[in-house]
Amino acid sequence: MHQVFNFSAGPAMLPEAVLEKAQAELRNWNNQGTSVMEVSHRGKPFMEIAAKAEQDLRELMNIPNNYKVLFAHGGARAQFAAIPLNLLGLKTTADYIDGGYWAHSAVEEAQKYCKVNVIDINHVHPDGMRGVKPMREWLLTDEAAYVHYCPNETIDGIAIHEQPDFSGKIVVADYSSSILSREIDVSRYDVIYAGAQKNIGPAGLTIIIIKEDLLDRANSVTPSILNYKILAENDSMFNTPPTFAWYLSGLVFEWLKENGGIKAMEARNEAKQALLYKAIDSNDFYINRICANNRSWMNIPFQLADSKLDELFLKEAEASGLQALKGHRALGGMRASIYNAMGLEGVQALCDFMDVFAKKHG
Ligand code: PMP
């Protein structure tokens, strides 16, 4: 039985079944008489679960054989630096699609390493709804080493649901807040990366999925720990990996497989987001100004028409077991993050609460 529904943007809730399994084997993992945190990453038992986690992720995402999967430290922000360091090669410019807070943060880091061609795709429709321009309108440049974009803006609640189709371009995507949420065609990307703490597992682990033929172009000053080739050659064990996060992520991958894989998650996530946007759109008490095409399925920000009620909303929500709904400080208002671990019943509980709160205070 759940105790609360946790809408945190990240670190975010994990599947209950995963926490139960981790708890049950915490003190005596794999009959070792120790926890998984206390064994060598180079010992056979850990190596086996590490390899299985990778294999399960490959199956879940249907990752082609010519891609490496890396398990790294440093969160997505480390990748903001690792991407230009590893991918520029002899080139000096890169295209960065700017559609929100995180895409923009990636720009700021990349500017330390190259000339960044910032492509602003923000778009406000005549009715005042915010969105981003479709991919066919992105003005990519010939000289860029790669194009970087963020398919799901965790703070803004904006998603780019289109799949990239830029022939001849190296496409890099920050999937931190939407990896594993719906089916994607990995072969359309050259690099996909994601911090674990939303849809994968606990903080401390970053997953990088990279086409093998890109491993050879790192700048010689690249710190070894950020160098994809070195990580790949060492099976992500160049230094001590975040073993507990890797183990727990493996349990999440098993849970996903047992629950129908990404296809089933996609159907569940579609139903969840539809329910919550309906609750927002059908009541003047609540506002979300993102246009239909670009609404995130994972992070749903909304405002109260009367912001003076914000504090009360959060207090009453918390008292009803609905946690972490406070919006990011950059936007204010509320935000409900509804990653894979959040079931439909949690979203329904939020919608019911919103309805009652609006009736009471409207
Ligand atoms: N990109 C996106 C889309 C994110 O949501 C976040 C974290 N919220 C980051 C990058 C930064 O991730 P980290 O804290 O793991 O460096």
# chains A, B, ... in the order shown; residues from 1 in each chain; ligands from 1
>>> residues_near_ligand(ligand="ligand 1", cutoff="7 Å", atoms="only C-alpha atoms and all ligand atoms", output="VMD selection string")
chain A and resid 9 to 10 74 to 78 102 150 152 to 154 174 to 177 195
>>> select_by_dssp(residues="stretch 260-336 of chain A", states="strand (DSSP E)", output="list in words")
Tyr286, Ile287, Asn299, Ile300, Pro301, Phe302, Gln303, Leu304, Leu322, Gln323, Met334, Arg335 and Ala336 of chain A
>>> write_last_selection(atoms="C-alpha atoms", output="PDB file, in the first residue's frame")
ATOM      1  CA  TYR A 286      -6.432  25.973 -13.040  1.00  0.00           C
ATOM      2  CA  ILE A 287      -4.221  27.080 -15.936  1.00  0.00           C
ATOM      3  CA  ASN A 299       6.062  17.098 -15.979  1.00  0.00           C
ATOM      4  CA  ILE A 300       2.842  19.037 -15.874  1.00  0.00           C
ATOM      5  CA  PRO A 301       3.088  22.572 -14.528  1.00  0.00           C
ATOM      6  CA  PHE A 302      -0.109  24.409 -13.712  1.00  0.00           C
ATOM      7  CA  GLN A 303      -1.058  27.665 -12.061  1.00  0.00           C
ATOM      8  CA  LEU A 304      -3.975  28.513  -9.841  1.00  0.00           C
ATOM      9  CA  LEU A 322      -0.126  14.468  -2.323  1.00  0.00           C
ATOM     10  CA  GLN A 323       3.489  15.504  -2.019  1.00  0.00           C
ATOM     11  CA  MET A 334       2.430  23.913  -9.217  1.00  0.00           C
ATOM     12  CA  ARG A 335       4.063  21.059 -11.056  1.00  0.00           C
ATOM     13  CA  ALA A 336       3.048  17.430 -11.033  1.00  0.00           C
TER      14      ALA A 336
END
>>> residues_around(residues="A:Tyr247", least_positions_apart="5", cutoff="8 Å", atoms="only C-alpha atoms", output="list in words")
Val36, Ile49, Ala50 and Ala53 of chain A
>>> atom_distance(atom1="atom CA of A:His148", atom2="atom CA of A:Tyr96")
4.9 Å
>>> select_by_dssp(residues="stretch 33-155 of chain A", states="helix (DSSP H, G or I)", output="short mmCIF file (atom, residue, chain, number, x, y, z; two decimals) with C-alpha atoms, in the first residue's frame")
data_model
loop_
_atom_site.label_atom_id
_atom_site.label_comp_id
_atom_site.auth_asym_id
_atom_site.auth_seq_id
_atom_site.Cartn_x
_atom_site.Cartn_y
_atom_site.Cartn_z
CA VAL A 36 25.16 -4.85 -2.71
CA MET A 37 26.72 -1.52 -1.64
CA GLU A 38 29.54 -3.34 0.11
CA LYS A 44 31.55 -11.66 -10.41
CA PRO A 45 28.22 -11.14 -8.61
CA PHE A 46 28.16 -7.40 -9.25
CA MET A 47 29.49 -7.73 -12.79
CA GLU A 48 26.61 -10.10 -13.52
CA ILE A 49 23.89 -7.73 -12.40
CA ALA A 50 25.63 -4.81 -14.10
CA ALA A 51 25.64 -6.69 -17.39
CA LYS A 52 22.03 -7.79 -16.91
CA ALA A 53 20.93 -4.20 -16.28
CA GLU A 54 22.54 -3.18 -19.55
CA GLN A 55 21.00 -6.10 -21.40
CA ASP A 56 17.55 -5.35 -20.01
CA LEU A 57 17.85 -1.67 -20.98
CA ARG A 58 18.93 -2.71 -24.47
CA GLU A 59 15.87 -4.92 -24.77
CA LEU A 60 13.50 -2.32 -23.35
CA MET A 61 14.68 0.42 -25.70
CA GLY A 75 24.35 13.62 -13.72
CA ALA A 76 23.12 15.19 -16.90
CA ARG A 77 25.05 18.36 -16.19
CA ALA A 78 28.34 16.49 -16.55
CA GLN A 79 27.12 15.52 -20.00
CA PHE A 80 26.59 19.18 -20.87
CA ALA A 81 30.42 19.36 -20.84
CA ALA A 82 31.12 15.82 -22.01
CA ILE A 83 29.12 16.24 -25.20
CA PRO A 84 31.22 19.03 -26.76
CA LEU A 85 34.45 17.55 -25.39
CA ASN A 86 33.72 14.17 -26.97
CA LEU A 87 31.93 15.13 -30.14
CA TYR A 101 15.45 25.87 -19.12
CA TRP A 102 17.55 22.72 -19.53
CA ALA A 103 18.31 23.13 -23.21
CA HIS A 104 19.50 26.60 -22.32
CA SER A 105 21.66 25.32 -19.47
CA ALA A 106 23.32 22.95 -21.95
CA VAL A 107 24.06 25.95 -24.19
CA GLU A 108 25.79 27.81 -21.35
CA GLU A 109 28.08 24.89 -20.59
CA ALA A 110 28.88 24.16 -24.25
CA MET A 135 11.61 20.17 -36.34
CA ARG A 136 11.21 21.04 -40.01
CA GLU A 137 11.62 24.72 -39.02
#
>>> residues_around(residues="A:Pro15", least_positions_apart="2", cutoff="6 Å", atoms="only C-alpha atoms", output="mmCIF file with C-alpha atoms, in the first residue's frame")
data_model
loop_
_atom_site.group_PDB
_atom_site.id
_atom_site.type_symbol
_atom_site.label_atom_id
_atom_site.label_comp_id
_atom_site.auth_asym_id
_atom_site.auth_seq_id
_atom_site.Cartn_x
_atom_site.Cartn_y
_atom_site.Cartn_z
ATOM 1 C CA ALA A 17 7.871 -3.306 -5.939
ATOM 2 C CA VAL A 18 11.453 -2.214 -6.584
ATOM 3 C CA ALA A 341 6.462 4.854 -11.203
#
>>> residues_around(residues="stretch 162-172 of chain A", least_positions_apart="6", cutoff="8 Å", atoms="only C-alpha atoms", output="PyMOL selection string")
chain A and resi 134-135+145-149+184-185+188-192
>>> decode(residues="stretch 252-291 of chain A", atoms="C-alpha atoms", output="compact mmCIF listing (two decimals), in the first residue's frame")
# COMPACT_ATOMS: atom_id res chain seq x y z
CA VAL A 252 13.63 -0.82 -12.29
CA PHE A 253 14.43 -2.30 -15.71
CA GLU A 254 13.25 -5.71 -14.50
CA TRP A 255 10.06 -4.10 -13.18
CA LEU A 256 9.49 -2.43 -16.54
CA LYS A 257 9.92 -5.73 -18.35
CA GLU A 258 7.55 -7.49 -15.98
CA ASN A 259 4.98 -4.77 -16.56
CA GLY A 260 4.82 -4.94 -20.32
CA GLY A 261 7.86 -2.87 -21.27
CA ILE A 262 7.84 0.59 -22.77
CA LYS A 263 4.79 -0.02 -24.92
CA ALA A 264 2.69 -0.63 -21.82
CA MET A 265 4.28 2.34 -20.03
CA GLU A 266 3.48 4.53 -23.00
CA ALA A 267 -0.21 3.56 -22.87
CA ARG A 268 -0.28 4.13 -19.12
CA ASN A 269 1.51 7.48 -19.41
CA GLU A 270 -0.81 8.61 -22.18
CA ALA A 271 -3.84 7.89 -20.00
CA LYS A 272 -2.27 9.64 -16.99
CA GLN A 273 -1.42 12.85 -18.80
CA ALA A 274 -4.82 12.97 -20.52
CA LEU A 275 -6.54 12.72 -17.16
CA LEU A 276 -4.51 15.50 -15.56
CA TYR A 277 -4.67 17.95 -18.48
CA LYS A 278 -8.43 17.37 -18.60
CA ALA A 279 -8.70 18.25 -14.92
CA ILE A 280 -6.74 21.45 -15.58
CA ASP A 281 -8.46 22.48 -18.83
CA SER A 282 -11.98 21.78 -17.68
CA ASN A 283 -11.76 24.06 -14.66
CA ASP A 284 -11.12 27.83 -14.86
CA PHE A 285 -9.56 27.54 -11.44
CA TYR A 286 -6.43 25.97 -13.04
CA ILE A 287 -4.22 27.08 -15.94
CA ASN A 288 -1.63 25.41 -18.16
CA ARG A 289 -0.54 27.54 -21.08
CA ILE A 290 1.38 25.00 -23.14
CA CYS A 291 -0.12 24.22 -26.55
